[in-house]
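J.: Below: one structure in structure tokens.
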Amino acid sequence: MTTDLVPASGTVHWIGAGLSTGSGLAALCDTAERVRLWHRTESRAADALDRLGLAGRAEPRAYTRSALASELAPGDIVVSMLPAPEHAPLLAECVRLGAHFACSSYVSDAVLEQVPAAEKAGVVVLTESGLDPGIDHLFAHALVARAREAVGDGTPASYTLTSYCGGVPAVPNDFTYRFSWAPLGVLNALRSPARYIEGGAETVADRPWEATRRHVVDGETFEVYPNRDSVPFVAQYGLPEAWTPRTFVRGTLRLEGWLRAWDAVFEELKTGDDARIAALARELAAAHPTTDDDRDRVVLAVSLDVRAGAGRTWAGGYLLDLVGDAEESAMARCVSRTLALGVRHVLDGSLPPGLNRAAETADRSEQWLRELARDGVEFTLRVDR
């Protein structure tokens, strides 16, 4: 039995105004009937609206979960820019009150557990709708669809798919990095083992940085390493069963020289406990502060190379390479505009109840890419053959 979708009320609650909140919030102020920005205090929310040029267009609020719940109505949309562990309890409130939920983060087990209840309640759960994860999914789905059309699903073939994304300084510095999200999150990601496919076999890197290699993008050399678990995305991206992966890896991109510049950090990661790593994150943030004059750069490169018999091959890739400006960082533009696009699809009722990602099909990916291009997120497509 199909559950009826709770109609969108037109009210959006955007929670958090950190480094990834940008012009996507302004886009929602143009689209939604009412927008509320929730932050640590009402004055901080008001300051953030001033900074974004949105004073008077959204209502500032002091965030606590109970304060939000007191203002939530059925069909409202909650956009969480909070740390990932905060998503599940927030989603529970949304399901209880019949409100839709959106975030840019990966689907956690805690969120996944609540999806059946959300679907039964007619609530949309939109996830993985930022830059990475988000735009990377769109690129991959679109490339796989083009390759399937050129080579054929039933044709035996081997393939290499690589998807690398990174936020880096637009002007390289000695540290080769600019923190575009919480330093502790960056360090903890490096502490998590990575699983991927290399040489046709599943491989695990307990220390992902030890699998760093050179990677050339549009003539420029970067350093890349695997992160998280790439293997489930073979199925998620719809690679045909007749095709065998030579390499399949989703990972992180850094400037050339990163591995050497971070050597002392890696030594700490090998031996430090949670308390020491948290302290290290604070030390790095203090030692490498971001100023208003700094400009960030986002590079996302997704490539697919398929080789079949009788000369039936196909190769292509998408490249997004954006530099921030005085108005907005590149990271905030990519994350917030993509998430806002997803929220607009919740507002117009085109997403079904239950779990949704930025991309589930090739057709939907192409639609989102067209809309993102219109929204000012620029990228290029390369088809080699």
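Labels used: A, B, ... for chains in the order of the structure tokens, numbers from 1 for residues in each chain, and numbers from 1 for ligands as shown.
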Among segment 177-328 of chain A, which ones does DSSP assign to helix (DSSP H, G or I) (computed from the backbone)? Answer as a ChimeraX atom specification.

T.: /A:183-191,208-211,233-236,258-261,263-271,274-287

J.: Near segment 64-72 of chain A, counting only C-alpha atoms, which residues have an atom at most 12 Å away, once you skip same-chain residues fewer than 5 positions from it, shown as a PyMOL selection string?

T.: chain A and resi 9-16+36-42+77-80+82+86-101

J.: Tell me, as JSON, numbers by chain, which residues lie within 7 Å of Glu378 of chain A, counting only C-alpha atoms; anything in the same chain fewer than 2 positions away does not count.

T.: {"A": [320, 373, 376]}

J.: Please identify which residues in segment 148-253 of chain A DSSP calls strand (DSSP E or B) from the backbone, and express them as a ChimeraX atom specification.

T.: /A:157-169,194-198,201-205,213-217,220-226,229,243-253

J.: Please list as number ranges by chain every residue within 9 Å of Gly134 of chain A, counting only C-alpha atoms and excluding residues in the same chain fewer than 4 positions away.

T.: A: 104-105, 127-130, 138-139, 335, 338-339, 357-359

J.: Output N, CA, C and O atoms of each residue in that selection to a file, as a PDB file, in the first residue's frame.

T.:
ATOM      1  N   SER A 104      22.657  16.981   3.907  1.00  0.00           N
ATOM      2  CA  SER A 104      23.624  16.685   2.849  1.00  0.00           C
ATOM      3  C   SER A 104      24.505  15.487   3.197  1.00  0.00           C
ATOM      4  O   SER A 104      25.348  15.086   2.394  1.00  0.00           O
ATOM      5  N   SER A 105      24.303  14.885   4.358  1.00  0.00           N
ATOM      6  CA  SER A 105      25.200  13.842   4.858  1.00  0.00           C
ATOM      7  C   SER A 105      24.862  12.461   4.311  1.00  0.00           C
ATOM      8  O   SER A 105      23.758  12.214   3.801  1.00  0.00           O
ATOM      9  N   THR A 127      18.589  12.748   1.727  1.00  0.00           N
ATOM     10  CA  THR A 127      19.967  12.676   2.217  1.00  0.00           C
ATOM     11  C   THR A 127      20.948  12.760   1.045  1.00  0.00           C
ATOM     12  O   THR A 127      20.544  12.756  -0.116  1.00  0.00           O
ATOM     13  N   GLU A 128      22.243  12.829   1.373  1.00  0.00           N
ATOM     14  CA  GLU A 128      23.315  12.778   0.370  1.00  0.00           C
ATOM     15  C   GLU A 128      23.044  13.759  -0.773  1.00  0.00           C
ATOM     16  O   GLU A 128      23.174  13.418  -1.952  1.00  0.00           O
ATOM     17  N   SER A 129      22.691  14.973  -0.405  1.00  0.00           N
ATOM     18  CA  SER A 129      22.299  15.983  -1.389  1.00  0.00           C
ATOM     19  C   SER A 129      23.128  17.253  -1.227  1.00  0.00           C
ATOM     20  O   SER A 129      22.589  18.364  -1.175  1.00  0.00           O
ATOM     21  N   GLY A 130      24.451  17.067  -1.139  1.00  0.00           N
ATOM     22  CA  GLY A 130      25.353  18.203  -1.085  1.00  0.00           C
ATOM     23  C   GLY A 130      26.361  18.119  -2.215  1.00  0.00           C
ATOM     24  O   GLY A 130      25.997  17.899  -3.376  1.00  0.00           O
ATOM     25  N   LEU A 138      25.459  12.432  -8.797  1.00  0.00           N
ATOM     26  CA  LEU A 138      24.862  12.863 -10.069  1.00  0.00           C
ATOM     27  C   LEU A 138      25.808  12.582 -11.223  1.00  0.00           C
ATOM     28  O   LEU A 138      25.406  12.058 -12.271  1.00  0.00           O
ATOM     29  N   PHE A 139      27.074  12.953 -11.059  1.00  0.00           N
ATOM     30  CA  PHE A 139      28.070  12.731 -12.108  1.00  0.00           C
ATOM     31  C   PHE A 139      28.195  11.239 -12.428  1.00  0.00           C
ATOM     32  O   PHE A 139      28.227  10.839 -13.604  1.00  0.00           O
ATOM     33  N   VAL A 335      27.517  22.966  -1.656  1.00  0.00           N
ATOM     34  CA  VAL A 335      26.701  22.196  -0.716  1.00  0.00           C
ATOM     35  C   VAL A 335      25.304  22.799  -0.592  1.00  0.00           C
ATOM     36  O   VAL A 335      24.291  22.107  -0.732  1.00  0.00           O
ATOM     37  N   THR A 338      22.983  22.749  -3.848  1.00  0.00           N
ATOM     38  CA  THR A 338      22.502  21.398  -4.165  1.00  0.00           C
ATOM     39  C   THR A 338      21.428  20.974  -3.182  1.00  0.00           C
ATOM     40  O   THR A 338      20.385  20.423  -3.572  1.00  0.00           O
ATOM     41  N   LEU A 339      21.661  21.240  -1.907  1.00  0.00           N
ATOM     42  CA  LEU A 339      20.664  20.885  -0.900  1.00  0.00           C
ATOM     43  C   LEU A 339      19.381  21.682  -1.101  1.00  0.00           C
ATOM     44  O   LEU A 339      18.273  21.143  -0.985  1.00  0.00           O
ATOM     45  N   ARG A 357      17.881  10.108  -2.157  1.00  0.00           N
ATOM     46  CA  ARG A 357      19.210  10.692  -2.270  1.00  0.00           C
ATOM     47  C   ARG A 357      19.177  11.707  -3.407  1.00  0.00           C
ATOM     48  O   ARG A 357      18.202  11.793  -4.157  1.00  0.00           O
ATOM     49  N   ALA A 358      20.288  12.435  -3.558  1.00  0.00           N
ATOM     50  CA  ALA A 358      20.356  13.402  -4.656  1.00  0.00           C
ATOM     51  C   ALA A 358      20.090  12.726  -5.986  1.00  0.00           C
ATOM     52  O   ALA A 358      19.510  13.317  -6.883  1.00  0.00           O
ATOM     53  N   ALA A 359      20.539  11.492  -6.121  1.00  0.00           N
ATOM     54  CA  ALA A 359      20.353  10.790  -7.392  1.00  0.00           C
ATOM     55  C   ALA A 359      20.047   9.329  -7.129  1.00  0.00           C
ATOM     56  O   ALA A 359      20.739   8.670  -6.378  1.00  0.00           O
TER      57      ALA A 359
END

J.: Let me make sure I understand: among A:Arg333, A:Arg246, A:Arg344, A:Arg213, which one has the smallest atom-to-atom distance to Val298 of chain A if we use only C-alpha atoms?

T.: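 Counting only C-alpha atoms, the residue closest to Val298 of chain A is A:Arg333.
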
J.: Please identify every residue of segment 234-339 of chain A that has at least one atom no farther than 9 Å from an atom of segment 200-204 of chain A, counting only C-alpha atoms, and for each give the shortest atom pair and the distance in Å to one decimal, arranged by chain then increasing number, as a Markdown table.

T.:
| residue | atom | partner | partner_atom | distance |
| --- | --- | --- | --- | --- |
| A:Thr244 | CA | A:Gly200 | CA | 7.5 |
| A:Pro245 | CA | A:Gly200 | CA | 5.7 |
| A:Arg246 | CA | A:Gly200 | CA | 4.3 |
| A:Thr247 | CA | A:Gly200 | CA | 6.3 |
| A:Phe248 | CA | A:Gly200 | CA | 8.6 |

J.: Go ahead and compute the interatomic distance for atom CA of Gly238 of chain A and atom CA of Asp153 of chain A, in Å to one decimal.

T.: 10.1 Å

J.: Can you pull out the residues contacting segment 353-355 of chain A? Cut-off 12 Å, using only C-alpha atoms, and skip same-chain residues under 5 positions away; I want them as a PyMOL selection string.

T.: chain A and resi 2-8+75+91+95+98-103+106-108+111-129+346+360

J.: What gap, in Å, lies between atom CA of Cys334 of chain A and atom CA of Ala287 of chain A?

T.: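 Separation of atom CA of Cys334 of chain A and atom CA of Ala287 of chain A: 26.5 Å.
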
J.: Would you please work out which residue, of A:Pro193, A:Gly257, A:Pro133, A:Gly317, is nearest to Arg228 of chain A when using only C-alpha atoms?

T.: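 Closest to Arg228 of chain A of all the choices is A:Pro193.
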